[in-house]
$ cat query30.cif   # mmCIF, C-alpha atoms and all ligand atoms
data_run
loop_
_atom_site.label_atom_id
_atom_site.label_comp_id
_atom_site.auth_asym_id
_atom_site.auth_seq_id
_atom_site.Cartn_x
_atom_site.Cartn_y
_atom_site.Cartn_z
CA MET X 1067 43.37 -1.81 -13.08
CA ALA X 1068 41.66 -4.91 -11.70
CA GLU X 1069 41.03 -3.02 -8.49
CA MET X 1070 39.40 -0.18 -10.42
CA ASP X 1071 37.15 -2.67 -12.20
CA LEU X 1072 36.20 -4.20 -8.88
CA LYS X 1073 35.45 -0.76 -7.44
CA THR X 1074 33.29 0.15 -10.42
CA ALA X 1075 31.44 -3.14 -10.19
CA THR X 1076 30.92 -2.70 -6.45
CA SER X 1077 29.53 0.82 -6.77
CA ALA X 1078 27.32 -0.34 -9.64
CA MET X 1079 26.03 -3.13 -7.39
CA GLU X 1080 25.42 -0.66 -4.58
CA ALA X 1081 23.54 1.66 -6.93
CA LEU X 1082 21.48 -1.30 -8.10
CA VAL X 1083 20.68 -2.39 -4.55
CA ARG X 1084 19.75 1.19 -3.64
CA ALA X 1085 17.62 1.47 -6.77
CA THR X 1086 15.87 -1.81 -5.94
CA SER X 1087 15.10 -0.71 -2.40
CA ASN X 1088 13.96 2.68 -3.75
CA MET X 1089 11.71 0.77 -6.14
CA LYS X 1090 10.34 -1.28 -3.23
CA SER X 1091 9.61 1.86 -1.21
CA LEU X 1092 8.14 3.49 -4.32
CA GLU X 1093 5.77 0.56 -4.72
CA HIS X 1094 4.60 1.13 -1.15
CA GLU X 1095 3.69 4.72 -2.10
CA LEU X 1096 1.56 3.44 -4.97
CA HIS X 1097 -0.64 1.17 -2.84
CA CYS X 1098 -4.36 1.72 -2.47
CA PRO X 1099 -5.16 1.89 1.26
CA VAL X 1100 -8.32 -0.19 0.71
CA CYS X 1101 -7.19 -3.15 -1.44
CA LYS X 1102 -3.46 -2.82 -0.53
CA GLU X 1103 -2.58 -3.35 -4.18
CA ILE X 1104 -1.15 -0.89 -6.68
CA VAL X 1105 -3.92 1.65 -7.34
CA LYS X 1106 -6.08 1.40 -10.43
CA GLN X 1107 -7.88 4.49 -11.69
CA PRO X 1108 -7.22 6.38 -8.46
CA VAL X 1109 -9.49 9.22 -7.34
CA VAL X 1110 -8.46 11.93 -4.89
CA LEU X 1111 -10.60 12.12 -1.76
CA PRO X 1112 -11.19 15.53 -0.12
CA CYS X 1113 -8.55 14.57 2.47
CA LEU X 1114 -6.10 14.27 -0.50
CA HIS X 1115 -5.65 10.50 -0.12
CA SER X 1116 -5.95 8.49 -3.33
CA VAL X 1117 -8.04 5.31 -3.60
CA CYS X 1118 -8.96 3.04 -6.53
CA LEU X 1119 -12.24 4.26 -8.00
CA LEU X 1120 -13.64 0.75 -7.76
CA CYS X 1121 -12.49 0.31 -4.14
CA ALA X 1122 -14.02 3.67 -3.23
CA SER X 1123 -17.39 2.75 -4.72
CA GLU X 1124 -17.31 -0.69 -3.05
CA VAL X 1125 -16.66 0.97 0.30
CA LEU X 1126 -19.58 3.35 -0.25
CA VAL X 1127 -21.93 0.51 -1.26
CA ALA X 1128 -20.82 -1.50 1.80
CA ASN X 1129 -21.78 1.51 3.90
CA GLY X 1130 -25.30 1.57 2.52
CA TYR X 1131 -25.02 4.26 -0.12
CA PRO X 1132 -26.52 3.71 -3.57
CA PRO X 1133 -24.00 2.33 -6.08
CA PRO X 1134 -22.33 5.29 -7.82
CA GLU X 1135 -22.30 5.55 -11.58
CA LEU X 1136 -18.89 4.36 -12.65
CA PRO X 1137 -17.20 5.41 -15.86
CA PRO X 1138 -16.86 2.56 -18.37
CA GLU X 1139 -14.35 -0.12 -17.47
CA PRO X 1140 -10.85 0.29 -18.87
CA ASN X 1141 -10.79 -0.49 -22.55
CA SER X 1142 -9.68 -4.10 -22.29
CA PRO X 1143 -10.73 -7.53 -23.48
CA ALA X 1144 -12.42 -9.47 -20.69
CA SER X 1145 -9.73 -12.16 -20.65
CA THR X 1146 -6.78 -9.96 -19.68
CA PRO X 1147 -5.62 -10.04 -16.07
CA ASN X 1148 -6.08 -6.28 -15.81
CA THR X 1149 -9.84 -6.50 -15.87
CA ARG X 1150 -11.60 -5.72 -12.63
CA SER X 1151 -15.09 -6.86 -13.58
CA PRO X 1152 -15.30 -9.94 -11.30
CA ARG X 1153 -14.55 -7.82 -8.24
CA GLN X 1154 -17.41 -5.46 -8.91
CA ALA X 1155 -20.00 -8.03 -7.80
CA ARG X 1156 -18.13 -8.98 -4.65
CA PRO X 1157 -19.23 -7.32 -1.42
CA HIS X 1158 -16.57 -5.16 0.12
CA PRO X 1159 -15.02 -6.70 3.23
CA PRO X 1160 -15.32 -4.49 6.28
CA SER X 1161 -11.97 -2.93 6.97
CA PRO X 1162 -10.53 -4.25 10.27
CA SER X 1163 -8.81 -1.00 11.19
CA MET X 1164 -12.02 1.00 11.19
CA PRO X 1165 -14.29 0.12 14.09
CA ARG X 1166 -17.96 0.51 13.39
CA SER X 1167 -19.38 3.45 15.23
CA PRO X 1168 -22.83 5.04 15.27
CA GLY X 1169 -21.62 7.69 12.87
CA TYR X 1170 -20.38 5.11 10.45
CA GLY X 1171 -22.75 2.55 9.09
CA THR X 1172 -25.73 1.96 6.91
CA TYR X 1173 -27.45 5.32 7.46
CA PRO X 1174 -30.90 3.73 7.60
CA GLY X 1175 -33.92 5.65 6.51
CA ARG X 1176 -32.09 8.61 5.05
CA ARG X 1177 -33.57 9.52 1.72
CA ARG X 1178 -33.11 12.63 -0.32
CA LYS X 1179 -36.84 13.38 -0.26
CA GLU X 1180 -37.24 13.19 3.50
CA GLY X 1181 -34.64 15.52 4.88
CA PRO X 1182 -31.60 17.61 4.17
CA PRO X 1183 -29.46 16.53 1.20
CA LEU X 1184 -27.58 13.28 1.84
CA VAL X 1185 -23.95 14.01 2.60
CA MET X 1186 -21.79 11.01 1.81
CA MET X 1187 -19.18 10.11 4.37
CA PHE X 1188 -16.19 8.03 3.30
CA PRO X 1189 -14.24 6.09 5.96
CA CYS X 1190 -10.68 6.96 4.92
CA ILE X 1191 -8.25 4.36 6.29
CA PRO X 1192 -5.06 6.52 6.37
CA CYS X 1193 -7.02 9.36 8.02
CA GLY X 1194 -8.67 6.96 10.47
CA ARG X 1195 -11.93 8.91 10.25
CA ASP X 1196 -14.91 9.61 8.03
CA VAL X 1197 -14.28 12.17 5.32
CA GLU X 1198 -17.12 14.23 3.91
CA LEU X 1199 -17.50 13.59 0.17
CA GLY X 1200 -20.27 16.09 -0.47
CA GLU X 1201 -23.64 15.61 -2.07
CA LYS X 1202 -22.38 14.11 -5.30
CA GLY X 1203 -20.09 11.61 -3.66
CA LEU X 1204 -17.37 10.18 -5.85
CA THR X 1205 -18.42 12.17 -8.93
CA ASP X 1206 -16.98 15.20 -7.19
CA CYS X 1207 -13.61 13.53 -6.71
CA LEU X 1208 -11.09 14.11 -9.49
CA ARG X 1209 -9.05 11.34 -11.03
CA ASN X 1210 -5.38 11.31 -9.96
CA LEU X 1211 -3.96 11.15 -13.48
CA THR X 1212 -0.43 11.92 -12.29
CA LEU X 1213 -0.50 8.94 -9.92
CA GLU X 1214 -1.82 6.80 -12.78
CA ARG X 1215 1.08 7.90 -14.98
CA ILE X 1216 3.57 7.13 -12.18
CA VAL X 1217 2.01 3.67 -11.75
CA GLU X 1218 2.29 3.11 -15.49
CA ARG X 1219 5.97 4.10 -15.50
CA TYR X 1220 6.56 1.91 -12.45
CA ARG X 1221 4.89 -1.10 -14.06
CA HIS X 1222 6.97 -0.49 -17.16
CA THR X 1223 10.22 -0.28 -15.12
CA VAL X 1224 9.67 -3.44 -13.11
CA SER X 1225 7.82 -5.18 -16.01
CA LEU X 1226 4.97 -5.83 -13.63
CA GLY X 1227 1.83 -7.20 -15.19
CA SER X 1228 2.90 -6.16 -18.65
CA VAL X 1229 0.48 -7.75 -21.08
CA ALA X 1230 0.95 -7.72 -24.81
CA VAL X 1231 -1.50 -5.17 -26.22
CA MET X 1232 -2.88 -6.20 -29.60
CA CYS X 1233 -3.96 -3.99 -32.50
CA GLN X 1234 -7.74 -3.66 -32.45
CA PHE X 1235 -8.03 -3.06 -36.20
CA CYS X 1236 -6.07 -5.85 -37.84
CA LYS X 1237 -8.22 -8.47 -39.50
CA PRO X 1238 -8.07 -11.72 -37.49
CA PRO X 1239 -6.36 -14.12 -37.45
CA GLN X 1240 -3.33 -12.00 -38.41
CA THR X 1241 -3.62 -9.60 -35.49
CA LEU X 1242 -0.35 -7.78 -34.83
CA GLU X 1243 0.91 -6.47 -31.53
CA ALA X 1244 -0.04 -2.81 -31.07
CA THR X 1245 2.78 -0.26 -31.32
CA LYS X 1246 0.74 2.90 -30.73
CA GLY X 1247 -2.23 3.95 -28.70
CA CYS X 1248 -4.47 6.89 -29.56
CA ALA X 1249 -5.87 8.76 -26.57
CA ASP X 1250 -8.47 10.45 -28.81
CA CYS X 1251 -9.71 7.24 -30.42
CA ARG X 1252 -9.10 5.37 -27.12
CA SER X 1253 -7.76 2.45 -29.20
CA ASN X 1254 -4.53 0.60 -29.89
CA PHE X 1255 -3.04 0.25 -33.37
CA CYS X 1256 -0.23 -1.47 -35.17
CA ASN X 1257 1.87 0.88 -37.35
CA GLU X 1258 -0.09 0.08 -40.52
CA CYS X 1259 -3.52 0.44 -38.94
CA PHE X 1260 -2.53 3.70 -37.23
CA LYS X 1261 -1.60 5.20 -40.61
CA LEU X 1262 -4.78 3.80 -42.15
CA TYR X 1263 -7.06 5.29 -39.48
CA HIS X 1264 -5.25 8.64 -39.19
CA PRO X 1265 -4.87 9.70 -42.85
CA TRP X 1266 -2.95 12.82 -43.79
CA GLY X 1267 -4.99 15.97 -44.23
CA THR X 1268 -7.88 14.81 -42.01
CA PRO X 1269 -8.64 16.01 -38.45
CA ARG X 1270 -7.60 12.56 -37.22
CA ALA X 1271 -4.04 13.27 -38.34
CA GLN X 1272 -3.92 15.69 -35.39
CA HIS X 1273 -4.39 12.79 -32.95
CA GLU X 1274 -1.52 12.32 -30.60
CA HIS X 1275 -0.17 8.80 -30.29
CA ILE X 1276 0.93 7.36 -26.96
CA GLN X 1277 2.26 4.00 -25.74
CA PRO X 1278 -0.22 1.16 -26.33
CA THR X 1279 -2.28 0.76 -23.17
CA LEU X 1280 -5.28 -1.11 -21.84
CA ASN X 1281 -6.24 1.85 -19.69
CA PHE X 1282 -6.94 5.02 -21.67
CA ARG X 1283 -7.14 8.02 -19.43
CA PRO X 1284 -8.85 11.30 -20.18
CA LYS X 1285 -6.28 13.64 -21.73
CA VAL X 1286 -7.04 16.47 -19.34
CA LEU X 1287 -8.93 16.90 -16.10
CA THR X 1288 -12.27 18.58 -16.63
CA CYS X 1289 -14.67 19.97 -14.07
CA PRO X 1290 -16.90 17.18 -12.74
CA GLU X 1291 -19.80 19.63 -12.58
CA HIS X 1292 -19.30 21.70 -15.69
CA ASP X 1293 -18.51 19.21 -18.40
CA GLN X 1294 -15.74 20.25 -20.81
CA GLU X 1295 -14.68 23.15 -18.60
CA LYS X 1296 -10.97 22.98 -17.93
CA LEU X 1297 -9.69 23.28 -14.38
CA GLN X 1298 -7.71 26.49 -14.76
CA PHE X 1299 -7.65 27.69 -11.15
CA TYR X 1300 -6.55 26.41 -7.79
CA CYS X 1301 -8.18 27.47 -4.53
CA ARG X 1302 -5.46 27.39 -1.90
CA SER X 1303 -8.00 27.71 0.92
CA CYS X 1304 -10.03 24.66 -0.24
CA GLN X 1305 -7.00 22.88 -1.80
CA ARG X 1306 -9.17 22.28 -4.87
CA LEU X 1307 -8.95 22.78 -8.60
CA LEU X 1308 -11.66 25.04 -10.01
CA CYS X 1309 -13.07 25.69 -13.45
CA PRO X 1310 -13.84 29.32 -14.42
CA LEU X 1311 -17.51 28.75 -13.50
CA CYS X 1312 -16.79 27.12 -10.12
CA LYS X 1313 -14.43 30.00 -9.35
CA LEU X 1314 -17.42 32.39 -9.34
CA ARG X 1315 -19.16 30.44 -6.57
CA ARG X 1316 -19.89 32.21 -3.34
CA ILE X 1317 -18.11 29.61 -1.16
CA HIS X 1318 -14.77 30.72 -2.62
CA THR X 1319 -15.36 34.40 -1.81
CA GLY X 1320 -12.29 35.74 -0.06
CA HIS X 1321 -10.36 32.54 -0.80
CA LYS X 1322 -6.83 32.62 -2.15
CA ILE X 1323 -7.33 31.55 -5.79
CA LEU X 1324 -4.39 31.20 -8.18
CA PRO X 1325 -4.20 30.44 -11.89
CA VAL X 1326 -3.24 26.79 -12.13
CA ALA X 1327 0.07 27.64 -13.88
CA GLN X 1328 1.09 29.76 -10.90
CA ALA X 1329 0.07 27.07 -8.42
CA TYR X 1330 1.99 24.55 -10.53
CA GLN X 1331 5.12 26.69 -10.46
CA ALA X 1332 4.88 27.41 -6.74
CA LEU X 1333 4.21 23.80 -5.75
CA LYS X 1334 6.88 22.46 -8.06
CA GLU X 1335 9.49 24.82 -6.61
CA LYS X 1336 8.43 24.08 -3.05
CA ILE X 1337 8.51 20.30 -3.50
CA THR X 1338 11.81 20.41 -5.42
CA LYS X 1339 13.32 22.45 -2.61
CA GLU X 1340 12.03 20.04 0.02
CA MET X 1341 13.26 17.05 -1.94
CA ASN X 1342 16.71 18.58 -2.42
CA TYR X 1343 16.88 19.31 1.28
CA ILE X 1344 16.02 15.69 2.11
CA LEU X 1345 18.48 14.41 -0.50
CA SER X 1346 21.29 16.62 0.83
CA ASN X 1347 20.59 15.27 4.31
CA GLN X 1348 20.68 11.81 2.82
CA ASP X 1349 24.26 12.47 1.71
CA THR X 1350 25.17 13.49 5.25
CA VAL X 1351 23.56 10.35 6.64
CA LEU X 1352 25.34 8.23 4.04
CA ALA X 1353 28.65 9.89 4.98
CA GLN X 1354 27.95 9.12 8.63
CA ILE X 1355 27.20 5.50 7.80
CA THR X 1356 30.48 5.25 5.85
CA GLN X 1357 32.36 6.74 8.80
CA LEU X 1358 30.75 4.33 11.25
CA GLU X 1359 31.49 1.39 8.98
CA SER X 1360 35.16 2.38 8.78
CA SER X 1361 35.20 2.61 12.60
CA ILE X 1362 33.88 -0.95 12.71
CA THR X 1363 36.67 -2.09 10.37
CA GLN X 1364 39.28 -0.23 12.46
CA THR X 1365 37.94 -1.86 15.63
CA GLU X 1366 38.26 -5.27 14.01
CA VAL X 1367 41.88 -4.56 13.01
CA ASN X 1368 42.71 -3.23 16.49
CA SER X 1369 41.21 -6.23 18.21
CA VAL X 1370 43.21 -8.63 16.01
CA SER X 1371 46.50 -6.91 16.92
CA ALA X 1372 45.51 -6.76 20.61
CA ARG X 1373 44.82 -10.50 20.53
CA GLU X 1374 48.24 -11.10 18.97
CA GLN X 1375 49.93 -8.99 21.65
CA LEU X 1376 48.11 -10.87 24.39
CA ALA X 1377 49.15 -14.23 22.93
CA GLN X 1378 52.79 -13.05 22.71
CA SER X 1379 52.77 -11.87 26.34
CA ILE X 1380 51.36 -15.20 27.50
CA ARG X 1381 54.05 -17.05 25.52
CA ASP X 1382 56.80 -14.88 27.11
CA LEU X 1383 55.37 -15.41 30.57
CA THR X 1384 55.16 -19.19 30.06
CA ALA X 1385 58.80 -19.29 28.92
CA ALA X 1386 59.93 -17.24 31.95
CA LEU X 1387 57.98 -19.52 34.29
CA ALA X 1388 59.51 -22.64 32.75
CA GLU X 1389 63.01 -21.17 33.15
CA ARG X 1390 62.37 -20.27 36.80
CA HIS X 1391 60.89 -23.71 37.41
CA ALA X 1392 64.00 -25.37 36.02
CA SER X 1393 66.40 -23.26 38.09
CA LEU X 1394 64.40 -23.77 41.30
CA THR X 1395 64.21 -27.52 40.68
CA GLN X 1396 67.97 -27.56 40.24
CA ALA X 1397 68.55 -25.61 43.47
CA LEU X 1398 66.21 -27.93 45.34
CA GLU X 1399 68.01 -30.97 44.00
CA GLY X 1400 71.40 -29.52 45.10
CA ALA X 1401 70.10 -28.84 48.63
CA ARG X 1402 68.61 -32.31 48.90
CA GLN X 1403 71.87 -33.89 47.83
CA LYS X 1404 73.92 -31.84 50.34
CA ARG X 1405 71.65 -32.67 53.24
CA GLY X 1406 71.53 -36.35 52.29
CA GLU X 1407 75.31 -36.48 52.27
CA ALA X 1408 75.54 -34.81 55.68
CA LEU X 1409 73.05 -37.23 57.19
CA ALA X 1410 74.85 -40.22 55.67
CA ALA X 1411 78.11 -38.97 57.23
CA GLN X 1412 76.45 -38.83 60.65
CA VAL X 1413 75.12 -42.37 60.25
CA ALA X 1414 78.68 -43.52 59.40
CA GLU X 1415 80.08 -41.79 62.50
CA ARG X 1416 77.50 -43.48 64.76
CA ARG X 1417 78.40 -46.80 63.21
CA GLY X 1418 82.06 -46.07 64.06
CA LEU X 1419 81.04 -45.40 67.69
CA LEU X 1420 79.58 -48.88 67.96
CA GLU X 1421 83.08 -50.28 67.17
CA HIS X 1422 84.37 -48.98 70.60
CA ALA X 1423 82.12 -51.47 72.48
CA GLY X 1424 85.22 -53.48 73.56
CA LEU X 1425 86.82 -50.42 75.19
CA MET X 1426 83.56 -49.81 77.11
CA ALA X 1427 83.50 -53.40 78.46
CA PHE X 1428 87.16 -53.09 79.48
CA THR X 1429 86.50 -49.76 81.17
CA SER X 1430 83.61 -51.17 83.27
CA GLU X 1431 85.87 -54.07 84.39
CA LEU X 1432 88.55 -51.48 85.26
CA LEU X 1433 86.09 -49.58 87.43
CA LYS X 1434 85.70 -52.72 89.61
CA GLU X 1435 89.42 -52.34 90.76
CA THR X 1436 89.58 -51.24 94.38
CA ASP X 1437 93.38 -51.15 94.80
CA GLN X 1438 93.98 -47.47 94.34
CA PRO X 1439 97.60 -47.28 93.07
CA CYS X 1440 96.92 -50.15 90.68
CA PHE X 1441 93.74 -48.44 89.40
CA VAL X 1442 95.51 -45.13 88.79
CA GLN X 1443 98.33 -46.95 87.04
CA ALA X 1444 95.99 -48.96 84.83
CA SER X 1445 93.38 -46.30 84.13
CA ARG X 1446 95.66 -43.50 82.84
CA GLN X 1447 95.83 -44.86 79.32
CA THR X 1448 92.15 -45.83 79.31
CA HIS X 1449 91.22 -42.32 80.47
CA ASN X 1450 93.04 -40.80 77.50
CA ARG X 1451 91.05 -42.97 75.10
CA THR X 1452 87.60 -42.42 76.74
CA ALA X 1453 88.18 -38.64 77.00
CA LEU X 1454 88.94 -38.52 73.28
CA LEU X 1455 85.87 -40.63 72.58
CA GLY X 1456 83.69 -38.43 74.84
CA MET X 1457 84.90 -35.33 73.04
CA LEU X 1458 84.09 -36.90 69.69
CA SER X 1459 80.62 -38.11 70.70
CA GLY X 1460 79.81 -34.75 72.37
CA ALA X 1461 80.65 -33.07 69.07
CA TRP X 1462 77.99 -34.99 67.18
CA VAL X 1463 75.44 -35.49 69.99
CA LEU X 1464 75.14 -31.79 70.80
CA PRO X 1465 73.97 -30.52 67.34
CA CYS X 1466 71.34 -33.26 67.28
CA GLU X 1467 69.72 -32.01 70.50
CA GLY X 1468 66.66 -29.87 70.07
CA LYS X 1469 66.05 -31.09 66.58
ZN ZN T 1501 -7.90 -0.30 -4.25
ZN ZN T 1502 -7.74 10.44 4.01
ZN ZN T 1503 -3.33 -3.47 -37.09
ZN ZN T 1504 -6.92 8.64 -33.10
ZN ZN T 1505 -16.92 23.78 -12.60
ZN ZN T 1506 -12.20 27.83 -1.99
#
$ encode --input "query30.cif" --output "structure tokens" --more "lines below"
Ligand SMILES: [Zn+2]
Ligand SMILES: [Zn+2]
Ligand SMILES: [Zn+2]
Ligand SMILES: [Zn+2]
Ligand SMILES: [Zn+2]
Ligand SMILES: [Zn+2]
Amino acid sequence: MAEMDLKTATSAMEALVRATSNMKSLEHELHCPVCKEIVKQPVVLPCLHSVCLLCASEVLVANGYPPPELPPEPNSPASTPNTRSPRQARPHPPSPSMPRSPGYGTYPGRRRKEGPPLVMMFPCIPCGRDVELGEKGLTDCLRNLTLERIVERYRHTVSLGSVAVMCQFCKPPQTLEATKGCADCRSNFCNECFKLYHPWGTPRAQHEHIQPTLNFRPKVLTCPEHDQEKLQFYCRSCQRLLCPLCKLRRIHTGHKILPVAQAYQALKEKITKEMNYILSNQDTVLAQITQLESSITQTEVNSVSAREQLAQSIRDLTAALAERHASLTQALEGARQKRGEALAAQVAERRGLLEHAGLMAFTSELLKETDQPCFVQASRQTHNRTALLGMLSGAWVLPCEGK
């Protein structure tokens, strides 16, 4: 039971850690390549990279193009941290990763009147090259509303920069926090004010309410050239959305043009398939990681038991050595004792020999006798004793020779 709880808690922790790291990598995907912050009002460049609208116009101004006409700032009081107004005046820092080249600079002396129409070039950082924006510059680039919605969801999930949005219709000082936003009115309301400003039976009652926001987006993408025309087609060759009027243009002759619903379906299926493929591979990789981790654990266990075996062997060997040492010491001691005794016996024998000094003196006196019968008579007994003595001394002198 307790183990189950622990397991559940552990897998919940793992899921949380994975979710956090997914969130971190998601945030990376939401960064503007120019300001390196989470994109605000992103526009899609022709190379399909998305940049903050403000960053894009700052880059263009820094490259000597006339300041583009920007849509009004997000609907926000000037004091909120979301406002970007102070940055607008700041010159754009030159990007370090893009070296200045003759084709990239201030374009001096190029005016619309003098020559061919001015084609704006945008130095796209992820592309590492200048991207042609076309004659109208940024006005031709569509907003990336999907990316904006993802950013909004992300900010909501990680509670990043969430600022209390206040109702814009309450009478001060009793202003309530807004509970609804209206994309049509582009305003935030408390419940009471929303009802008040969207009465039943009026066209306003049709307004759709959304989460309160400081950044009202257009509800749909419209053609930047033909105002109010919806982008109902997708040119696969140009990778561009087209309105019914743009679709008739000569540059799209022979291009593969789909109704947007069909392009939506096809792209959605394709991306889902790709994502599922990556996710299924992820499972394989995760399984491999699990397997490798269990190998690491097994190796640890094996090495512990090997260490124990080694220690046991060393202990056995030490004991055997000690035993052998003891027995050898004992044998050595026995041999020493035996030899010592033998040597002591020899010393005693030699001492005994010295005691026959009297016999030797007598014998040398005897040898002075010249009377032969007397000598033979007297020496017989002496001869017996010296012969015995000589035999004895020969017995112990001989083994000592050559030592
Ligand atoms: Zn930016
Ligand atoms: Zn690009
Ligand atoms: Zn209100
Ligand atoms: Zn409304
Ligand atoms: Zn159009
Ligand atoms: Zn086309």
$ closest_atom_pairs --input "query30.cif" --of "chain X" --to "ligand ZN 1505 (chain T)" --cutoff "7 Å" --atoms "all atoms listed in the file" --output "JSON lines"
{"residue": "X:Cys1289", "atom": "CA", "partner": "T:ZN1505", "partner_atom": "ZN", "distance": 4.7}
{"residue": "X:Pro1290", "atom": "CA", "partner": "T:ZN1505", "partner_atom": "ZN", "distance": 6.6}
{"residue": "X:Glu1291", "atom": "CA", "partner": "T:ZN1505", "partner_atom": "ZN", "distance": 5.1}
{"residue": "X:His1292", "atom": "CA", "partner": "T:ZN1505", "partner_atom": "ZN", "distance": 4.4}
{"residue": "X:Glu1295", "atom": "CA", "partner": "T:ZN1505", "partner_atom": "ZN", "distance": 6.4}
{"residue": "X:Leu1308", "atom": "CA", "partner": "T:ZN1505", "partner_atom": "ZN", "distance": 6.0}
{"residue": "X:Cys1309", "atom": "CA", "partner": "T:ZN1505", "partner_atom": "ZN", "distance": 4.4}
{"residue": "X:Pro1310", "atom": "CA", "partner": "T:ZN1505", "partner_atom": "ZN", "distance": 6.6}
{"residue": "X:Leu1311", "atom": "CA", "partner": "T:ZN1505", "partner_atom": "ZN", "distance": 5.1}
{"residue": "X:Cys1312", "atom": "CA", "partner": "T:ZN1505", "partner_atom": "ZN", "distance": 4.2}
$ residues_around --input "query30.cif" --residues "segment 1209-1216 of chain X" --least-positions-apart "3" --cutoff "7 Å" --atoms "all atoms listed in the file" --output "list in words"
Gln1107, Pro1108, Val1109, Val1110, Arg1219 and Tyr1220 of chain X
$ residues_around --input "query30.cif" --residues "segment 1410-1427 of chain X" --least-positions-apart "3" --cutoff "9 Å" --atoms "only C-alpha atoms" --output "mmCIF file with C-alpha atoms, in the frame of the given file"
data_model
loop_
_atom_site.group_PDB
_atom_site.id
_atom_site.type_symbol
_atom_site.label_atom_id
_atom_site.label_comp_id
_atom_site.auth_asym_id
_atom_site.auth_seq_id
_atom_site.Cartn_x
_atom_site.Cartn_y
_atom_site.Cartn_z
ATOM 1 C CA ARG X 1405 71.650 -32.670 53.240
ATOM 2 C CA GLY X 1406 71.530 -36.350 52.290
ATOM 3 C CA GLU X 1407 75.310 -36.480 52.270
ATOM 4 C CA SER X 1430 83.610 -51.170 83.270
ATOM 5 C CA GLU X 1431 85.870 -54.070 84.390
ATOM 6 C CA LEU X 1432 88.550 -51.480 85.260
ATOM 7 C CA THR X 1448 92.150 -45.830 79.310
ATOM 8 C CA ARG X 1451 91.050 -42.970 75.100
ATOM 9 C CA THR X 1452 87.600 -42.420 76.740
ATOM 10 C CA LEU X 1455 85.870 -40.630 72.580
ATOM 11 C CA SER X 1459 80.620 -38.110 70.700
ATOM 12 C CA TRP X 1462 77.990 -34.990 67.180
#
$ closest_atom_pairs --input "query30.cif" --of "chain X" --to "ligand ZN 1506 (chain T)" --cutoff "9 Å" --atoms "only C-alpha atoms and all ligand atoms" --output "JSON lines"
{"residue": "X:Tyr1300", "atom": "CA", "partner": "T:ZN1506", "partner_atom": "ZN", "distance": 8.2}
{"residue": "X:Cys1301", "atom": "CA", "partner": "T:ZN1506", "partner_atom": "ZN", "distance": 4.8}
{"residue": "X:Arg1302", "atom": "CA", "partner": "T:ZN1506", "partner_atom": "ZN", "distance": 6.8}
{"residue": "X:Ser1303", "atom": "CA", "partner": "T:ZN1506", "partner_atom": "ZN", "distance": 5.1}
{"residue": "X:Cys1304", "atom": "CA", "partner": "T:ZN1506", "partner_atom": "ZN", "distance": 4.2}
{"residue": "X:Gln1305", "atom": "CA", "partner": "T:ZN1506", "partner_atom": "ZN", "distance": 7.2}
{"residue": "X:Arg1306", "atom": "CA", "partner": "T:ZN1506", "partner_atom": "ZN", "distance": 6.9}
{"residue": "X:Leu1307", "atom": "CA", "partner": "T:ZN1506", "partner_atom": "ZN", "distance": 8.9}
{"residue": "X:Leu1308", "atom": "CA", "partner": "T:ZN1506", "partner_atom": "ZN", "distance": 8.5}
{"residue": "X:Lys1313", "atom": "CA", "partner": "T:ZN1506", "partner_atom": "ZN", "distance": 8.0}
{"residue": "X:Arg1315", "atom": "CA", "partner": "T:ZN1506", "partner_atom": "ZN", "distance": 8.7}
{"residue": "X:Arg1316", "atom": "CA", "partner": "T:ZN1506", "partner_atom": "ZN", "distance": 9.0}
{"residue": "X:Ile1317", "atom": "CA", "partner": "T:ZN1506", "partner_atom": "ZN", "distance": 6.2}
{"residue": "X:His1318", "atom": "CA", "partner": "T:ZN1506", "partner_atom": "ZN", "distance": 3.9}
{"residue": "X:Thr1319", "atom": "CA", "partner": "T:ZN1506", "partner_atom": "ZN", "distance": 7.3}
{"residue": "X:Gly1320", "atom": "CA", "partner": "T:ZN1506", "partner_atom": "ZN", "distance": 8.1}
{"residue": "X:His1321", "atom": "CA", "partner": "T:ZN1506", "partner_atom": "ZN", "distance": 5.2}
{"residue": "X:Lys1322", "atom": "CA", "partner": "T:ZN1506", "partner_atom": "ZN", "distance": 7.2}
{"residue": "X:Ile1323", "atom": "CA", "partner": "T:ZN1506", "partner_atom": "ZN", "distance": 7.2}
$ closest_residue --input "query30.cif" --among "X:Cys1256, X:Leu1383, X:Ala1122, X:Leu1409" --to "Pro1134 of chain X" --atoms "all atoms listed in the file"
X:Ala1122
$ residues_near_ligand --input "query30.cif" --ligand "ligand ZN 1503 (chain T)" --cutoff "7 Å" --atoms "only C-alpha atoms and all ligand atoms" --output "list in words"
Cys1233, Gln1234, Phe1235, Cys1236, Thr1241, Leu1242, Ala1244, Phe1255, Cys1256, Asn1257, Glu1258 and Cys1259 of chain X
$ closest_atom_pairs --input "query30.cif" --of "chain X" --to "ligand ZN 1502 (chain T)" --cutoff "9 Å" --atoms "all atoms listed in the file" --output "CSV"
residue,atom,partner,partner_atom,distance
X:Leu1111,CA,T:ZN1502,ZN,6.7
X:Pro1112,CA,T:ZN1502,ZN,7.4
X:Cys1113,CA,T:ZN1502,ZN,4.5
X:Leu1114,CA,T:ZN1502,ZN,6.1
X:His1115,CA,T:ZN1502,ZN,4.6
X:Ser1116,CA,T:ZN1502,ZN,7.8
X:Phe1188,CA,T:ZN1502,ZN,8.8
X:Pro1189,CA,T:ZN1502,ZN,8.1
X:Cys1190,CA,T:ZN1502,ZN,4.6
X:Ile1191,CA,T:ZN1502,ZN,6.5
X:Pro1192,CA,T:ZN1502,ZN,5.3
X:Cys1193,CA,T:ZN1502,ZN,4.2
X:Gly1194,CA,T:ZN1502,ZN,7.4
X:Arg1195,CA,T:ZN1502,ZN,7.7
X:Asp1196,CA,T:ZN1502,ZN,8.3
X:Val1197,CA,T:ZN1502,ZN,6.9
